[in-house]
>>> print(open('model23.csv').read())   # CSV, C-alpha atoms
chain,number,residue,atom,x,y,z
X,1,MET,CA,2.9,24.0,-6.4
X,2,ILE,CA,4.2,26.4,-3.7
X,3,ILE,CA,5.5,24.9,-0.5
X,4,ALA,CA,6.3,26.8,2.7
X,5,TYR,CA,9.6,26.0,4.5
X,6,TYR,CA,11.4,27.0,7.6
X,7,LYS,CA,15.2,27.1,7.9
X,8,TYR,CA,16.7,26.2,11.4
X,9,HIS,CA,20.0,25.4,12.8
X,10,GLY,CA,21.0,23.6,16.0
X,11,THR,CA,24.6,24.6,16.8
X,12,ALA,CA,25.3,25.2,13.1
X,13,ASN,CA,23.8,21.8,12.1
X,14,ASP,CA,21.2,23.3,9.6
X,15,PHE,CA,17.9,21.9,8.3
X,16,ILE,CA,15.0,22.7,6.0
X,17,LEU,CA,11.8,22.0,8.0
X,18,ILE,CA,8.4,21.6,6.4
X,19,ASP,CA,5.0,21.2,7.9
X,20,ASP,CA,3.6,18.3,5.7
X,21,ARG,CA,0.6,17.2,7.7
X,22,LYS,CA,-1.5,17.7,4.5
X,23,ARG,CA,1.0,15.5,2.6
X,24,ILE,CA,1.7,17.8,-0.3
X,25,PHE,CA,5.5,17.5,-0.3
X,26,PRO,CA,7.1,15.2,-3.0
X,27,ARG,CA,8.6,12.7,-0.6
X,28,GLU,CA,9.7,10.3,-3.4
X,29,ASP,CA,11.6,12.9,-5.4
X,30,GLN,CA,15.2,12.4,-4.1
X,31,GLU,CA,16.7,14.7,-6.7
X,32,TYR,CA,14.4,17.6,-5.6
X,33,ILE,CA,15.2,17.1,-2.0
X,34,ALA,CA,18.9,17.0,-2.7
X,35,GLY,CA,18.6,20.2,-4.8
X,36,LEU,CA,16.9,22.1,-1.9
X,37,CYS,CA,19.8,21.0,0.4
X,38,THR,CA,22.5,22.0,-2.1
X,39,ARG,CA,24.4,25.1,-1.0
X,40,ARG,CA,24.6,28.0,-3.5
X,41,PHE,CA,22.1,26.3,-5.8
X,42,GLY,CA,19.3,25.6,-3.3
X,43,ILE,CA,18.4,26.7,0.1
X,44,GLY,CA,21.3,24.8,1.6
X,45,ALA,CA,21.2,22.4,4.5
X,46,ASP,CA,22.6,19.3,6.2
X,47,GLY,CA,19.2,17.7,5.8
X,48,LEU,CA,15.4,18.1,5.3
X,49,MET,CA,12.7,17.2,7.7
X,50,LEU,CA,8.9,16.8,7.5
X,51,ILE,CA,6.3,17.2,10.3
X,52,ASP,CA,3.6,14.6,9.6
X,53,GLN,CA,0.6,13.4,11.5
X,54,VAL,CA,0.5,10.0,13.2
X,55,ALA,CA,-1.9,8.4,15.6
X,56,ASP,CA,-1.0,8.4,19.4
X,57,TYR,CA,1.8,11.0,19.0
X,58,ASP,CA,2.0,14.7,18.7
X,59,PHE,CA,3.8,14.4,15.3
X,60,ASP,CA,5.9,12.1,13.2
X,61,MET,CA,9.4,13.3,12.2
X,62,ILE,CA,10.6,12.2,8.8
X,63,TYR,CA,14.3,13.0,8.0
X,64,TYR,CA,16.2,13.1,4.7
X,65,ASN,CA,19.9,13.4,4.3
X,66,SER,CA,21.2,16.2,2.1
X,67,ASP,CA,21.6,13.7,-0.7
X,68,GLY,CA,17.9,13.1,-0.7
X,69,SER,CA,18.0,9.7,0.9
X,70,LEU,CA,15.8,8.8,3.9
X,71,SER,CA,18.0,8.8,7.0
X,72,SER,CA,18.1,7.5,10.5
X,73,PHE,CA,17.4,9.6,13.6
X,74,CYS,CA,18.9,13.1,13.9
X,75,GLY,CA,19.4,14.6,17.4
X,76,ASN,CA,19.9,18.3,16.5
X,77,GLY,CA,17.2,18.1,13.8
X,78,SER,CA,14.7,16.6,16.3
X,79,ARG,CA,15.4,19.6,18.6
X,80,CYS,CA,14.8,22.0,15.8
X,81,ILE,CA,11.6,20.3,14.6
X,82,THR,CA,10.3,20.3,18.2
X,83,HIS,CA,10.9,24.0,18.4
X,84,LEU,CA,9.0,24.5,15.1
X,85,ALA,CA,6.1,22.3,16.2
X,86,HIS,CA,5.8,24.5,19.3
X,87,ARG,CA,6.0,27.6,17.2
X,88,LEU,CA,3.2,26.3,14.9
X,89,GLY,CA,1.0,25.5,17.9
X,90,ILE,CA,1.1,21.7,17.3
X,91,ILE,CA,2.6,21.2,20.8
X,92,GLY,CA,2.9,23.0,24.1
X,93,GLU,CA,6.2,22.9,26.0
X,94,THR,CA,6.4,19.1,26.0
X,95,CYS,CA,5.7,16.5,23.4
X,96,THR,CA,6.0,12.9,22.4
X,97,PHE,CA,6.9,12.3,18.8
X,98,ARG,CA,7.8,9.3,16.5
X,99,ALA,CA,11.0,9.1,14.5
X,100,SER,CA,12.7,6.4,12.5
X,101,ASP,CA,14.2,4.8,15.6
X,102,GLY,CA,11.0,4.9,17.7
X,103,ASP,CA,9.5,7.1,20.4
X,104,HIS,CA,11.0,10.3,21.7
X,105,GLN,CA,10.1,13.1,24.1
X,106,GLY,CA,10.8,16.8,23.7
X,107,ARG,CA,10.8,19.7,26.1
X,108,ILE,CA,11.2,23.4,25.6
X,109,SER,CA,12.7,25.6,28.4
X,110,GLY,CA,13.5,29.1,27.4
X,111,ASP,CA,15.9,29.1,24.5
X,112,GLN,CA,16.9,25.5,25.2
X,113,VAL,CA,15.3,22.5,23.6
X,114,MET,CA,15.7,19.0,25.1
X,115,VAL,CA,15.1,15.7,23.3
X,116,LYS,CA,15.2,12.3,25.0
X,117,MET,CA,17.4,9.9,23.1
X,118,ARG,CA,17.0,6.1,22.8
X,119,ASP,CA,18.5,3.9,25.5
X,120,VAL,CA,22.0,2.6,24.8
X,121,SER,CA,23.2,-0.8,26.0
X,122,ASP,CA,25.9,-1.7,23.6
X,123,ILE,CA,29.3,0.0,23.2
X,124,LEU,CA,31.2,-2.1,20.7
X,125,GLN,CA,35.0,-2.1,20.2
X,126,ALA,CA,36.2,-2.0,16.6
X,127,SER,CA,39.4,-3.7,15.4
X,128,ASP,CA,41.1,-0.3,15.0
X,129,GLY,CA,40.6,0.6,18.7
X,130,ALA,CA,37.6,2.8,18.1
X,131,SER,CA,34.3,2.5,19.8
X,132,ILE,CA,30.9,2.1,18.0
X,133,ILE,CA,27.8,3.4,19.6
X,134,ASP,CA,24.3,3.5,18.1
X,135,THR,CA,22.3,6.5,19.4
X,136,GLY,CA,19.7,6.4,16.7
X,137,SER,CA,22.4,6.6,14.1
X,138,PRO,CA,25.6,4.5,14.2
X,139,HIS,CA,28.7,6.4,15.3
X,140,LEU,CA,32.4,5.5,15.4
X,141,ILE,CA,34.4,7.3,18.1
X,142,LEU,CA,38.1,7.9,18.0
X,143,ILE,CA,40.2,9.7,20.6
X,144,VAL,CA,42.8,12.1,19.1
X,145,SER,CA,45.2,14.6,20.5
X,146,ASP,CA,44.9,17.3,17.8
X,147,LEU,CA,41.5,18.2,16.5
X,148,ASP,CA,43.0,20.8,14.2
X,149,ASP,CA,44.8,18.1,12.1
X,150,ASP,CA,44.1,18.9,8.5
X,151,GLY,CA,44.0,15.2,7.6
X,152,LEU,CA,41.1,14.2,10.0
X,153,MET,CA,38.3,14.4,7.5
X,154,ASP,CA,40.3,12.5,4.9
X,155,ARG,CA,40.9,9.8,7.5
X,156,ALA,CA,37.2,9.9,8.4
X,157,ARG,CA,36.2,9.4,4.7
X,158,ASP,CA,38.5,6.5,4.4
X,159,ILE,CA,36.9,4.8,7.4
X,160,ARG,CA,33.4,5.5,6.2
X,161,TYR,CA,34.1,4.0,2.7
X,162,SER,CA,36.2,1.1,4.0
X,163,GLU,CA,35.1,-2.5,3.4
X,164,ALA,CA,33.7,-2.7,7.0
X,165,TYR,CA,31.3,0.3,6.7
X,166,LYS,CA,30.8,1.3,3.0
X,167,SER,CA,27.6,-0.6,2.6
X,168,GLU,CA,25.5,0.9,5.4
X,169,GLY,CA,27.8,3.8,6.1
X,170,ILE,CA,28.9,5.1,9.5
X,171,ASN,CA,29.4,8.5,11.1
X,172,VAL,CA,33.0,9.1,12.2
X,173,ASN,CA,33.7,11.3,15.3
X,174,PHE,CA,37.1,12.5,16.5
X,175,VAL,CA,37.1,13.4,20.2
X,176,LYS,CA,39.4,15.1,22.7
X,177,HIS,CA,38.6,14.5,26.4
X,178,SER,CA,39.1,16.5,29.6
X,179,PRO,CA,37.7,15.5,33.0
X,180,HIS,CA,34.9,18.1,32.6
X,181,ALA,CA,34.2,18.4,28.9
X,182,ILE,CA,34.6,17.0,25.4
X,183,GLU,CA,35.7,18.6,22.1
X,184,MET,CA,34.8,16.9,18.9
X,185,ARG,CA,34.5,16.9,15.1
X,186,THR,CA,32.1,14.8,13.0
X,187,TYR,CA,32.1,13.4,9.5
X,188,GLU,CA,28.5,12.6,8.7
X,189,ARG,CA,27.3,9.9,6.3
X,190,GLY,CA,24.6,11.1,3.9
X,191,VAL,CA,26.1,14.6,4.0
X,192,GLU,CA,29.4,12.9,3.2
X,193,ALA,CA,31.4,15.8,4.7
X,194,GLU,CA,32.1,17.4,8.0
X,195,THR,CA,29.1,18.9,9.8
X,196,TYR,CA,29.6,21.6,12.4
X,197,SER,CA,27.6,19.6,15.0
X,198,CYS,CA,25.8,16.3,15.1
X,199,GLY,CA,23.4,15.6,18.0
X,200,THR,CA,23.5,11.8,17.8
X,201,GLY,CA,27.3,12.0,17.5
X,202,VAL,CA,27.5,14.3,20.5
X,203,THR,CA,25.4,11.8,22.5
X,204,ALA,CA,27.6,8.9,21.4
X,205,ALA,CA,30.7,10.9,22.4
X,206,ALA,CA,29.2,11.7,25.8
X,207,LEU,CA,28.5,8.0,26.5
X,208,HIS,CA,32.0,7.1,25.4
X,209,TRP,CA,33.3,9.7,27.8
X,210,ALA,CA,31.0,8.3,30.6
X,211,GLU,CA,32.7,5.0,30.4
X,212,LEU,CA,35.9,6.7,31.5
X,213,TYR,CA,34.1,8.8,34.3
X,214,PRO,CA,31.6,6.3,35.8
X,215,GLU,CA,30.4,8.7,38.5
X,216,ALA,CA,29.4,11.4,36.0
X,217,LYS,CA,25.8,12.0,35.0
X,218,GLU,CA,26.3,14.9,32.5
X,219,VAL,CA,28.9,16.5,30.3
X,220,LEU,CA,29.4,19.6,28.2
X,221,VAL,CA,30.3,18.9,24.5
X,222,HIS,CA,32.1,21.6,22.4
X,223,THR,CA,31.4,21.2,18.7
X,224,ARG,CA,32.6,23.6,15.9
X,225,GLY,CA,29.1,25.0,15.8
X,226,GLY,CA,28.5,25.5,19.5
X,227,ASP,CA,28.0,23.8,22.9
X,228,LEU,CA,25.5,21.0,23.8
X,229,GLN,CA,24.9,19.2,27.0
X,230,VAL,CA,24.1,15.5,27.5
X,231,GLN,CA,22.6,14.1,30.6
X,232,TRP,CA,22.0,10.4,31.4
X,233,SER,CA,21.3,7.8,34.1
X,234,ARG,CA,23.0,4.4,34.3
X,235,SER,CA,21.0,1.2,34.2
X,236,ALA,CA,21.9,-2.5,34.6
X,237,ASP,CA,22.0,-2.7,30.8
X,238,GLY,CA,23.8,0.5,30.1
X,239,TYR,CA,22.4,4.0,29.8
X,240,GLU,CA,18.8,5.4,29.9
X,241,ASP,CA,17.0,8.7,30.4
X,242,ILE,CA,19.5,10.2,28.0
X,243,TRP,CA,18.8,13.9,27.1
X,244,LEU,CA,20.4,16.0,24.4
X,245,ILE,CA,20.1,19.7,25.4
X,246,GLY,CA,20.9,22.9,23.5
X,247,PRO,CA,19.6,25.8,21.4
X,248,ALA,CA,17.4,25.5,18.3
X,249,THR,CA,17.6,28.7,16.2
X,250,PRO,CA,15.2,29.8,13.5
X,251,VAL,CA,17.0,31.3,10.6
X,252,SER,CA,14.5,32.1,7.8
X,253,TYR,CA,11.1,31.4,6.4
X,254,GLY,CA,10.1,31.2,2.7
X,255,HIS,CA,8.5,29.3,-0.1
X,256,VAL,CA,9.8,27.0,-2.8
X,257,HIS,CA,8.2,25.9,-6.1
X,258,TYR,CA,7.7,22.3,-7.1
X,259,ARG,CA,6.8,21.7,-10.8
X,260,GLY,CA,6.4,18.0,-10.7
X,261,SER,CA,3.4,15.9,-9.5
X,262,VAL,CA,3.0,14.4,-6.1
X,263,ALA,CA,2.1,10.7,-6.0
>>> encode(input="model23.csv", output="structure tokens")
Amino acid sequence: MIIAYYKYHGTANDFILIDDRKRIFPREDQEYIAGLCTRRFGIGADGLMLIDQVADYDFDMIYYNSDGSLSSFCGNGSRCITHLAHRLGIIGETCTFRASDGDHQGRISGDQVMVKMRDVSDILQASDGASIIDTGSPHLILIVSDLDDDGLMDRARDIRYSEAYKSEGINVNFVKHSPHAIEMRTYERGVEAETYSCGTGVTAAALHWAELYPEAKEVLVHTRGGDLQVQWSRSADGYEDIWLIGPATPVSYGHVHYRGSVA
């Protein structure tokens, strides 16, 4: 069986995207998905996403980590898949789609793709002084003074596999604040390595920053893969009307072969 795919990246967070509205993709074959995502041996990506049909929405977004496991929500991936849905004529310049954490809205404006994130009410404080914020995926935020520290990813891996988090996993983000912007690096569960950008992590970092600057309604976030913007409104419960904004870049188009059978 031959399957068409599209390769995208959102600020160097890269994905294999597949239009699977006819349901021909082998969704249960974790080894095959992991193989496609493996760099040098496969296409190479931080994750794989399917566009599916679902009642009452423009599309359903199904996301797999690069290890082949089903994942929680992905901010940059959702922006990329929104761009592809527009390119395929599934949507116009706006859409409503379903993902693992519920309903989302998308907008396309020029070369920028905006996705509305889930509302956030809880910012938890961990015992090590870090903050934990769930923006569709759980993120731990730590402030550091040196983002070029060679030991940061080893530290992140130790946190991710510590007794507190090893069962469900957690994404670990190191941030450096200024009054007008954030710089950050992310270790992502499921990828089990640093990713150049993480949309849900960027959103979590922005809301962590917003706690320190209560008058602000937006912030620019610098990742290793590029810049993203986050906008929000405050509510009695926390934060709402949260938008992740940035580019979604098509990279390539091709076909892969699957020699197994689809259930």
>>> atom_distance(input="model23.csv", atom1="atom CA of Ile133 of chain X", atom2="atom CA of Gly201 of chain X")
8.9 Å
>>> closest_residue(input="model23.csv", among="X:Cys37, X:Ala12, X:Ala99, X:Leu88", to="Gly226 of chain X", atoms="only C-alpha atoms")
X:Ala12
>>> closest_residue(input="model23.csv", among="X:Asp149, X:Ser71, X:Gly238, X:Met1", to="Ile170 of chain X", atoms="all atoms listed in the file")
X:Ser71
>>> residues_around(input="model23.csv", residues="Ala55 of chain X", least_positions_apart="3", cutoff="12 Å", atoms="all atoms listed in the file", output="list in words")
Asp52, Asp58, Phe59, Asp60, Thr96, Phe97 and Arg98 of chain X
>>> closest_atom_pairs(input="model23.csv", of="segment 56-167 of chain X", to="segment 191-198 of chain X", cutoff="12 Å", atoms="all atoms listed in the file", output="Markdown table")
| residue | atom | partner | partner_atom | distance |
| --- | --- | --- | --- | --- |
| X:Tyr64 | CA | X:Val191 | CA | 10.0 |
| X:Asn65 | CA | X:Val191 | CA | 6.3 |
| X:Ser66 | CA | X:Val191 | CA | 5.5 |
| X:Asp67 | CA | X:Val191 | CA | 6.6 |
| X:Gly68 | CA | X:Val191 | CA | 9.6 |
| X:Ser69 | CA | X:Val191 | CA | 10.0 |
| X:Leu70 | CA | X:Val191 | CA | 11.8 |
| X:Ser71 | CA | X:Val191 | CA | 10.4 |
| X:Phe73 | CA | X:Cys198 | CA | 10.8 |
| X:Cys74 | CA | X:Cys198 | CA | 7.7 |
| X:Gly75 | CA | X:Cys198 | CA | 7.0 |
| X:Asn76 | CA | X:Cys198 | CA | 6.4 |
| X:Gly77 | CA | X:Cys198 | CA | 8.9 |
| X:Ser78 | CA | X:Cys198 | CA | 11.2 |
| X:Arg79 | CA | X:Cys198 | CA | 11.5 |
| X:Thr135 | CA | X:Cys198 | CA | 11.3 |
| X:Gly136 | CA | X:Cys198 | CA | 11.7 |
| X:Ser137 | CA | X:Cys198 | CA | 10.3 |
| X:Pro138 | CA | X:Cys198 | CA | 11.8 |
| X:His139 | CA | X:Cys198 | CA | 10.3 |
| X:Leu152 | CA | X:Glu194 | CA | 9.8 |
| X:Met153 | CA | X:Glu194 | CA | 6.9 |
| X:Asp154 | CA | X:Ala193 | CA | 9.5 |
| X:Arg155 | CA | X:Ala193 | CA | 11.6 |
| X:Ala156 | CA | X:Ala193 | CA | 9.1 |
| X:Arg157 | CA | X:Glu192 | CA | 7.8 |
| X:Asp158 | CA | X:Glu192 | CA | 11.2 |
| X:Ile159 | CA | X:Glu192 | CA | 11.8 |
| X:Arg160 | CA | X:Glu192 | CA | 8.9 |
| X:Tyr161 | CA | X:Glu192 | CA | 10.1 |
| X:Lys166 | CA | X:Glu192 | CA | 11.7 |
>>> closest_residue(input="model23.csv", among="X:Ile81, X:Ile16, X:Ile51, X:Leu212", to="Arg39 of chain X", atoms="all atoms listed in the file")
X:Ile16
>>> atom_distance(input="model23.csv", atom1="atom CA of Val219 of chain X", atom2="atom CA of His104 of chain X")
20.8 Å
>>> closest_residue(input="model23.csv", among="X:Gly89, X:Gly110, X:Gly129, X:Gly169", to="Ser72 of chain X", atoms="all atoms listed in the file")
X:Gly169
>>> closest_residue(input="model23.csv", among="X:Ile43, X:Val54, X:Leu244, X:Leu48", to="Gln105 of chain X", atoms="all atoms listed in the file")
X:Leu244
>>> closest_residue(input="model23.csv", among="X:Tyr187, X:Met49, X:His257, X:Tyr57", to="Leu142 of chain X", atoms="all atoms listed in the file")
X:Tyr187
>>> residues_around(input="model23.csv", residues="Gly42 of chain X", least_positions_apart="2", cutoff="12 Å", atoms="only C-alpha atoms", output="PyMOL selection string")
chain X and resi 16+31-40+44-46+66+255-257
>>> atom_distance(input="model23.csv", atom1="atom CA of Lys176 of chain X", atom2="atom CA of Leu147 of chain X")
7.2 Å
>>> residues_near_point(input="model23.csv", point="(23.3, 12.5, 31.0)", cutoff="7 Å", atoms="all atoms listed in the file", output="list in words")
Lys217, Glu218, Val219, Val230, Gln231, Trp232, Ser233, Ile242 and Trp243 of chain X
>>> write_last_selection(input="model23.csv", atoms="C-alpha atoms", output="compact mmCIF listing (two decimals), keeping the file's coordinate frame")
# COMPACT_ATOMS: atom_id res chain seq x y z
CA LYS X 217 25.80 12.00 35.00
CA GLU X 218 26.30 14.90 32.50
CA VAL X 219 28.90 16.50 30.30
CA VAL X 230 24.10 15.50 27.50
CA GLN X 231 22.60 14.10 30.60
CA TRP X 232 22.00 10.40 31.40
CA SER X 233 21.30 7.80 34.10
CA ILE X 242 19.50 10.20 28.00
CA TRP X 243 18.80 13.90 27.10
>>> residues_near_point(input="model23.csv", point="(13.9, 32.7, 5.8)", cutoff="7 Å", atoms="all atoms listed in the file", output="number ranges by chain")
X: 6-7, 251-254
>>> residues_around(input="model23.csv", residues="segment 222-224 of chain X", least_positions_apart="4", cutoff="7 Å", atoms="all atoms listed in the file", output="ChimeraX atom specification")
/X:182-185,196-197,228
>>> decode(input="model23.csv", residues="segment 40-64 of chain X", atoms="N, CA, C and O atoms", output="CSV table (one decimal), in the first residue's frame")
chain,number,residue,atom,x,y,z
X,40,ARG,N,17.4,9.6,9.6
X,40,ARG,CA,18.4,8.9,8.9
X,40,ARG,C,17.9,7.5,8.4
X,40,ARG,O,18.3,7.1,7.3
X,41,PHE,N,17.0,6.9,9.1
X,41,PHE,CA,16.4,5.6,8.6
X,41,PHE,C,15.0,5.8,8.0
X,41,PHE,O,14.5,5.0,7.3
X,42,GLY,N,14.3,6.8,8.5
X,42,GLY,CA,12.9,7.1,8.0
X,42,GLY,C,12.9,8.5,7.4
X,42,GLY,O,13.9,9.1,6.9
X,43,ILE,N,11.7,9.1,7.4
X,43,ILE,CA,11.5,10.5,6.9
X,43,ILE,C,12.2,11.4,7.9
X,43,ILE,O,12.8,12.4,7.6
X,44,GLY,N,11.9,11.1,9.2
X,44,GLY,CA,12.5,11.9,10.3
X,44,GLY,C,11.5,13.0,10.7
X,44,GLY,O,11.1,13.8,9.9
X,45,ALA,N,11.1,13.0,12.0
X,45,ALA,CA,10.2,14.0,12.5
X,45,ALA,C,10.1,13.9,14.0
X,45,ALA,O,10.4,12.8,14.6
X,46,ASP,N,9.6,15.0,14.6
X,46,ASP,CA,9.3,15.0,16.1
X,46,ASP,C,8.0,14.3,16.4
X,46,ASP,O,7.7,13.9,17.5
X,47,GLY,N,7.2,14.0,15.3
X,47,GLY,CA,5.9,13.4,15.5
X,47,GLY,C,5.2,13.2,14.2
X,47,GLY,O,5.6,13.7,13.2
X,48,LEU,N,4.1,12.4,14.3
X,48,LEU,CA,3.3,12.1,13.1
X,48,LEU,C,1.8,12.5,13.4
X,48,LEU,O,1.3,12.1,14.5
X,49,MET,N,1.1,13.1,12.4
X,49,MET,CA,-0.3,13.5,12.7
X,49,MET,C,-1.2,13.0,11.5
X,49,MET,O,-0.7,13.0,10.3
X,50,LEU,N,-2.4,12.7,11.9
X,50,LEU,CA,-3.4,12.3,10.9
X,50,LEU,C,-4.5,13.3,10.9
X,50,LEU,O,-5.0,13.8,11.9
X,51,ILE,N,-5.0,13.6,9.7
X,51,ILE,CA,-6.3,14.3,9.5
X,51,ILE,C,-7.4,13.3,9.4
X,51,ILE,O,-7.3,12.5,8.5
X,52,ASP,N,-8.4,13.3,10.2
X,52,ASP,CA,-9.5,12.4,10.2
X,52,ASP,C,-10.8,13.2,10.1
X,52,ASP,O,-10.8,14.4,10.4
X,53,GLN,N,-11.8,12.5,9.7
X,53,GLN,CA,-13.2,13.1,9.7
X,53,GLN,C,-13.9,12.9,11.0
X,53,GLN,O,-13.7,11.8,11.6
X,54,VAL,N,-14.6,13.8,11.5
X,54,VAL,CA,-15.4,13.7,12.7
X,54,VAL,C,-16.6,14.6,12.6
X,54,VAL,O,-16.5,15.7,12.1
X,55,ALA,N,-17.7,14.1,13.1
X,55,ALA,CA,-19.0,14.9,13.0
X,55,ALA,C,-18.8,16.2,13.8
X,55,ALA,O,-18.2,16.3,14.9
X,56,ASP,N,-19.4,17.3,13.3
X,56,ASP,CA,-19.5,18.6,13.9
X,56,ASP,C,-18.2,19.4,14.0
X,56,ASP,O,-18.2,20.5,14.6
X,57,TYR,N,-17.2,18.9,13.3
X,57,TYR,CA,-15.9,19.6,13.3
X,57,TYR,C,-15.4,19.6,11.8
X,57,TYR,O,-15.8,18.8,11.0
X,58,ASP,N,-14.5,20.5,11.5
X,58,ASP,CA,-13.9,20.5,10.2
X,58,ASP,C,-12.9,19.3,10.0
X,58,ASP,O,-12.8,18.8,8.9
X,59,PHE,N,-12.3,18.9,11.1
X,59,PHE,CA,-11.4,17.7,11.1
X,59,PHE,C,-11.1,17.3,12.5
X,59,PHE,O,-11.3,18.0,13.4
X,60,ASP,N,-10.5,16.1,12.6
X,60,ASP,CA,-10.0,15.5,13.8
X,60,ASP,C,-8.5,15.4,13.7
X,60,ASP,O,-8.0,14.9,12.7
X,61,MET,N,-7.8,15.9,14.7
X,61,MET,CA,-6.3,15.8,14.7
X,61,MET,C,-5.9,14.7,15.6
X,61,MET,O,-6.2,14.7,16.8
X,62,ILE,N,-5.2,13.7,15.0
X,62,ILE,CA,-4.7,12.6,15.8
X,62,ILE,C,-3.1,12.6,15.8
X,62,ILE,O,-2.5,12.6,14.7
X,63,TYR,N,-2.5,12.7,17.0
X,63,TYR,CA,-1.1,12.9,17.1
X,63,TYR,C,-0.4,11.8,17.7
X,63,TYR,O,-0.8,11.3,18.8
X,64,TYR,N,0.7,11.3,17.1
X,64,TYR,CA,1.6,10.3,17.6
X,64,TYR,C,3.0,10.9,17.9
X,64,TYR,O,3.5,11.7,17.1
